[in-house]
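Student: Below is one structure. I have some questions about it.
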Amino acid sequence: MCECDEGWFGDACQFQEECNLPSKKSKALCKNPEGVVCSNRGTCHCGSCMCNNKDNRGLVTGRFCECDDSECVDEDTGEVCGGHGQCYCGNCYCASGWHGDKCEFQCDISPWESKRRCKAPDGKICSNRGTCVCGECNCHDVDPSGDWGDIHGNTCECDERTCHQTYDRYTDSYCTGHGQCNCGTCDCKEGWAGKKCEHPLSCSLSLESSMKKCQGTSNVPCFGRGQCQCGQCTCYPPGDSRVTGKNCECDDRQCENISGEICGGYGYCSCGRCICEEGWFGKLCQFPRSCDLSEVQSKELCETSDGVMCSGKGSCHCGQCICRPQDWWVSGEYCECDDRECDKHDGLICTGNGLCNCGNCECWDGWMGNACEIWVGAEY
């Protein structure tokens, strides 16, 4: 047990009794990436979350009280992970020879034999696409319906996501609808060619020339926002006037903030870039050029709970942090976020179908998945 110095309290003496932070700033520092104060599992004190812990078992933890280890408790025995593993943020990591959501099942084969059975032809355990449980691979199923997923096989060696074109995320069609996907490889119908059967042999252009014509200045055809066929791009989703251009290079969704507001209400969008009104600037026209705050007042609003200006990764203007533009991945109210942590699909952050918000993808309507890679909107 820690014996705290005067003016401090908490299990690790992490809370200061007197708080000099404004209430608004304190509350902002306690919000998790979804904008919920202390994940609704605690109270905010001077920019730090005090997690609610019944029976003083310390099961709710994390900077934002985001971890609830009560999910690891065995209802029958009351033990964490059945006494056969460790709980990390609500998930059990079982000791050797045990498995199950709460480490409740014992395996009757050795760990060595279990790994041997799970080893794929390339030598990787479950092809790095699943979890080995007592000699059997549980593949990471990416199909939201719960039916046969895109990853399957005894050692998860088949990844049928490789049969999808970027635009095919809008449909259930594999191999562009012109072939059969067999364990991640497309067998094309007569008259079609390409890794994903995307090129008609009737086209006067070669496959390479067609792809090059569709790429434009991007490294993927149609900027990852459309279908390339015989050198011509068809932008997706159909009917969405926000995605336009010869190579689908203009994506006006990039001008929207998380609330869907265009250029903060202080500008207009031109080919995915905000043109700001006089007196405003920023990627989304979110910064006023002048304000009534003094320099001292402005800096107070830009300091984190530990007194660092914009987390040391930006400058302060009118009480708002402007994160360093050369470090594109730095974001957040206090430049505290690393957007490199956002999931990618086809090399695109949030698959181009959402916004990266403090390391998590916020998907646009009709999309879901860690990387906003799954279309759940209207069929077409």
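By convention here, the chains of the structure tokens are called A, B, ... in the order presented, each chain's residues are numbered starting at 1, and ligands are numbered starting at 1 in the order presented.
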Could you pull the residues within 10 Å of Asn182 in chain A, counting only C-alpha atoms, minus those fewer than 6 positions along the same chain, as a PyMOL selection string?

Tutor: chain A and resi 158-160+163

Student: Write a file of the selected residues as a PDB file, in the first residue's frame, keeping C-alpha atoms.

Tutor:
ATOM      1  CA  CYS A 158      -7.291 -19.591 -47.017  1.00  0.00           C
ATOM      2  CA  ASP A 159      -7.865 -15.836 -47.002  1.00  0.00           C
ATOM      3  CA  GLU A 160     -10.545 -15.009 -49.528  1.00  0.00           C
ATOM      4  CA  CYS A 163     -10.127 -12.190 -54.036  1.00  0.00           C
TER       5      CYS A 163
END

Student: DSSP on the backbone: what in range 126-284 of chain A comes out strand (DSSP E), as a ChimeraX atom specification?

Tutor: /A:130-133,136-139,151-152,158-159,179-182,185-188,192-193,199-200,226-229,232-235,243-244,250-251,267-270,273-276,280-281

Student: Got time to write the residues from that selection, N, CA and C atoms, as a short mmCIF file (atom, residue, chain, number, x, y, z; two decimals), in the first residue's frame?

Tutor:
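This is the output file result.cif:
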data_model
loop_
_atom_site.label_atom_id
_atom_site.label_comp_id
_atom_site.auth_asym_id
_atom_site.auth_seq_id
_atom_site.Cartn_x
_atom_site.Cartn_y
_atom_site.Cartn_z
N GLY A 130 -5.44 -16.62 -37.04
CA GLY A 130 -6.33 -17.28 -36.09
C GLY A 130 -5.61 -17.59 -34.79
N THR A 131 -6.32 -18.25 -33.90
CA THR A 131 -5.79 -18.62 -32.58
C THR A 131 -5.77 -20.13 -32.46
N CYS A 132 -4.67 -20.65 -31.96
CA CYS A 132 -4.53 -22.09 -31.78
C CYS A 132 -5.07 -22.49 -30.41
N VAL A 133 -6.09 -23.33 -30.41
CA VAL A 133 -6.71 -23.80 -29.16
C VAL A 133 -6.68 -25.33 -29.15
N GLU A 136 -6.30 -26.99 -32.53
CA GLU A 136 -7.22 -26.58 -33.59
C GLU A 136 -7.19 -25.06 -33.75
N CYS A 137 -7.29 -24.62 -35.00
CA CYS A 137 -7.25 -23.19 -35.28
C CYS A 137 -8.66 -22.58 -35.28
N ASN A 138 -8.83 -21.54 -34.49
CA ASN A 138 -10.04 -20.72 -34.56
C ASN A 138 -9.70 -19.50 -35.40
N CYS A 139 -10.18 -19.51 -36.65
CA CYS A 139 -9.83 -18.43 -37.57
C CYS A 139 -10.56 -17.15 -37.22
N ILE A 151 -11.95 -16.07 -43.94
CA ILE A 151 -10.74 -16.78 -43.55
C ILE A 151 -11.13 -18.17 -43.07
N HIS A 152 -10.56 -19.19 -43.68
CA HIS A 152 -10.93 -20.55 -43.32
C HIS A 152 -9.80 -21.51 -43.67
N CYS A 158 -6.52 -20.20 -45.92
CA CYS A 158 -7.29 -19.59 -47.02
C CYS A 158 -7.83 -18.23 -46.59
N ASP A 159 -7.41 -17.20 -47.29
CA ASP A 159 -7.86 -15.84 -47.00
C ASP A 159 -8.52 -15.28 -48.26
N GLY A 179 -15.24 -14.82 -61.81
CA GLY A 179 -14.42 -15.98 -61.51
C GLY A 179 -14.80 -16.61 -60.19
N GLN A 180 -14.07 -17.65 -59.84
CA GLN A 180 -14.31 -18.39 -58.61
C GLN A 180 -13.10 -18.24 -57.70
N CYS A 181 -13.37 -17.95 -56.42
CA CYS A 181 -12.28 -17.81 -55.46
C CYS A 181 -12.01 -19.15 -54.80
N ASN A 182 -10.82 -19.65 -54.98
CA ASN A 182 -10.42 -20.92 -54.38
C ASN A 182 -9.24 -20.69 -53.44
N THR A 185 -7.29 -17.55 -54.24
CA THR A 185 -6.81 -17.35 -55.62
C THR A 185 -8.00 -17.39 -56.57
N CYS A 186 -8.04 -16.43 -57.51
CA CYS A 186 -9.15 -16.36 -58.46
C CYS A 186 -8.90 -17.23 -59.69
N ASP A 187 -9.86 -18.08 -59.99
CA ASP A 187 -9.88 -18.82 -61.25
C ASP A 187 -10.89 -18.12 -62.15
N CYS A 188 -10.38 -17.46 -63.19
CA CYS A 188 -11.23 -16.58 -64.00
C CYS A 188 -12.05 -17.36 -65.03
N TRP A 192 -11.83 -13.36 -69.29
CA TRP A 192 -11.39 -12.44 -68.23
C TRP A 192 -10.01 -12.82 -67.73
N ALA A 193 -9.26 -11.80 -67.28
CA ALA A 193 -7.90 -12.04 -66.79
C ALA A 193 -7.61 -11.10 -65.62
N HIS A 199 -10.07 -7.76 -65.65
CA HIS A 199 -9.75 -7.22 -66.98
C HIS A 199 -10.39 -8.06 -68.09
N PRO A 200 -11.26 -7.42 -68.93
CA PRO A 200 -11.86 -8.15 -70.05
C PRO A 200 -10.85 -8.30 -71.18
N GLY A 226 -13.15 3.07 -56.57
CA GLY A 226 -13.97 2.71 -57.71
C GLY A 226 -13.46 1.48 -58.42
N GLN A 227 -14.13 1.13 -59.52
CA GLN A 227 -13.81 -0.04 -60.32
C GLN A 227 -13.12 0.39 -61.60
N CYS A 228 -12.00 -0.24 -61.90
CA CYS A 228 -11.28 0.03 -63.13
C CYS A 228 -11.59 -1.07 -64.14
N GLN A 229 -12.06 -0.67 -65.30
CA GLN A 229 -12.31 -1.64 -66.36
C GLN A 229 -11.93 -1.00 -67.69
N GLN A 232 -11.03 2.69 -67.58
CA GLN A 232 -12.07 3.63 -67.16
C GLN A 232 -12.49 3.33 -65.72
N CYS A 233 -12.62 4.39 -64.91
CA CYS A 233 -13.03 4.24 -63.51
C CYS A 233 -14.54 4.48 -63.36
N THR A 234 -15.17 3.61 -62.60
CA THR A 234 -16.55 3.84 -62.16
C THR A 234 -16.51 4.03 -60.65
N CYS A 235 -16.85 5.22 -60.17
CA CYS A 235 -16.70 5.53 -58.75
C CYS A 235 -17.81 4.90 -57.92
N VAL A 243 -18.08 11.42 -54.34
CA VAL A 243 -16.90 10.78 -54.92
C VAL A 243 -16.95 10.95 -56.43
N THR A 244 -16.03 11.76 -56.98
CA THR A 244 -16.07 12.11 -58.40
C THR A 244 -14.65 12.16 -58.97
N CYS A 250 -11.48 12.78 -56.39
CA CYS A 250 -12.13 13.77 -55.53
C CYS A 250 -13.08 13.08 -54.56
N ASP A 251 -12.78 13.20 -53.29
CA ASP A 251 -13.62 12.59 -52.25
C ASP A 251 -14.03 13.68 -51.27
N GLY A 267 -16.67 27.32 -44.78
CA GLY A 267 -16.01 27.18 -46.07
C GLY A 267 -16.80 26.24 -46.96
N TYR A 268 -16.23 25.96 -48.14
CA TYR A 268 -16.87 25.01 -49.04
C TYR A 268 -15.83 23.99 -49.50
N CYS A 269 -16.31 22.87 -50.01
CA CYS A 269 -15.44 21.75 -50.36
C CYS A 269 -15.19 21.74 -51.86
N SER A 270 -13.92 21.57 -52.24
CA SER A 270 -13.54 21.49 -53.65
C SER A 270 -12.59 20.31 -53.82
N ARG A 273 -10.98 19.09 -50.62
CA ARG A 273 -10.22 20.08 -49.84
C ARG A 273 -11.13 21.25 -49.49
N CYS A 274 -10.98 21.74 -48.26
CA CYS A 274 -11.79 22.87 -47.82
C CYS A 274 -11.20 24.19 -48.27
N ILE A 275 -12.02 25.02 -48.85
CA ILE A 275 -11.67 26.41 -49.17
C ILE A 275 -12.36 27.27 -48.13
N CYS A 276 -11.57 27.84 -47.23
CA CYS A 276 -12.13 28.52 -46.06
C CYS A 276 -12.54 29.97 -46.36
N TRP A 280 -10.89 32.34 -41.32
CA TRP A 280 -10.81 30.96 -40.83
C TRP A 280 -9.73 30.20 -41.60
N PHE A 281 -9.15 29.18 -40.95
CA PHE A 281 -8.15 28.36 -41.62
C PHE A 281 -8.12 26.97 -40.97
#

Student: Identify, on the basis of only C-alpha atoms, every residue whose closest approach to Ser290 in chain A does not exceed 10 Å; exclude the query and any residue fewer than 3 positions from it along the same chain; express the result as a PyMOL selection string.

Tutor: chain A and resi 279-280+287+293+317-318

Student: Would you put the residues from that selection into a file with all heavy atoms, as a tab-separated table (two decimals), in the first residue's frame?

Tutor:
chain	number	residue	atom	x	y	z
A	279	GLY	N	-11.02	34.78	-42.51
A	279	GLY	CA	-11.04	34.76	-41.05
A	279	GLY	C	-10.95	33.36	-40.46
A	279	GLY	O	-10.93	33.22	-39.24
A	280	TRP	N	-10.89	32.34	-41.32
A	280	TRP	CA	-10.81	30.96	-40.83
A	280	TRP	C	-9.73	30.20	-41.60
A	280	TRP	O	-9.44	30.51	-42.76
A	280	TRP	CB	-12.16	30.24	-40.99
A	280	TRP	CG	-13.22	30.84	-40.11
A	280	TRP	CD1	-14.02	31.90	-40.41
A	280	TRP	CD2	-13.56	30.43	-38.78
A	280	TRP	NE1	-14.85	32.18	-39.34
A	280	TRP	CE2	-14.59	31.29	-38.34
A	280	TRP	CE3	-13.11	29.42	-37.93
A	280	TRP	CZ2	-15.16	31.18	-37.08
A	280	TRP	CZ3	-13.68	29.29	-36.68
A	280	TRP	CH2	-14.69	30.17	-36.26
A	287	PHE	N	-10.21	26.67	-37.38
A	287	PHE	CA	-9.50	27.63	-36.55
A	287	PHE	C	-9.81	29.06	-36.96
A	287	PHE	O	-9.67	29.42	-38.14
A	287	PHE	CB	-7.98	27.41	-36.66
A	287	PHE	CG	-7.52	26.04	-36.24
A	287	PHE	CD1	-6.92	25.20	-37.16
A	287	PHE	CD2	-7.69	25.61	-34.93
A	287	PHE	CE1	-6.50	23.94	-36.78
A	287	PHE	CE2	-7.27	24.35	-34.55
A	287	PHE	CZ	-6.67	23.50	-35.47
A	293	LEU	N	-9.13	36.07	-26.67
A	293	LEU	CA	-8.37	35.53	-25.55
A	293	LEU	C	-6.99	36.17	-25.47
A	293	LEU	O	-6.35	36.45	-26.50
A	293	LEU	CB	-8.19	34.01	-25.71
A	293	LEU	CG	-9.43	33.13	-25.63
A	293	LEU	CD1	-9.07	31.69	-25.96
A	293	LEU	CD2	-10.06	33.19	-24.25
A	317	HIS	N	-3.12	28.22	-30.57
A	317	HIS	CA	-3.69	29.39	-31.23
A	317	HIS	C	-5.14	29.55	-30.78
A	317	HIS	O	-5.97	28.65	-30.94
A	317	HIS	CB	-3.64	29.23	-32.76
A	317	HIS	CG	-4.34	30.33	-33.50
A	317	HIS	ND1	-3.80	31.58	-33.69
A	317	HIS	CD2	-5.57	30.36	-34.08
A	317	HIS	CE1	-4.65	32.33	-34.37
A	317	HIS	NE2	-5.74	31.61	-34.61
A	318	CYS	N	-5.43	30.70	-30.14
A	318	CYS	CA	-6.80	30.99	-29.70
A	318	CYS	C	-7.38	29.87	-28.83
A	318	CYS	O	-8.55	29.49	-28.98
A	318	CYS	CB	-7.71	31.26	-30.89
A	318	CYS	SG	-7.45	32.89	-31.62

Student: For His84 in chain A, please output as a list in words all residues within 10 Å (counting only C-alpha atoms; exclusion window: fewer than 4 positions along the same chain).

Tutor: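 Selected residues are Glu79, Val80, Cys92, Tyr93, Cys94, Ala95, Ser96, Gly97, Trp98, His99, Lys102, Cys103, Glu104, Phe105 and Gln106 of chain A.
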
Student: Do you know which residues are at most 12 Å from range 313-315 of chain A counting only C-alpha atoms, after dropping those on the same chain fewer than 2 positions away, and could you put them as a PyMOL selection string?

Tutor: chain A and resi 298-299+301-304+308-311+317-338

Student: Hey, what's within 6 Å of Gln16 in chain A if we count only C-alpha atoms and toss same-chain stuff fewer than 2 positions away? As a ChimeraX atom specification, please?

Tutor: /A:7-8,18

Student: Interatomic distance between CA of Gly231 in chain A and CA of Lys195 in chain A?

Tutor: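 Atom-to-atom, CA of Gly231 in chain A and CA of Lys195 in chain A are spaced 16.1 Å apart.
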
Student: May I ask which of the residues A:Leu29, A:Ala371, A:Leu348, A:Met50 is the closest one to Asn219 in chain A, counting only C-alpha atoms?

Tutor: A:Leu348
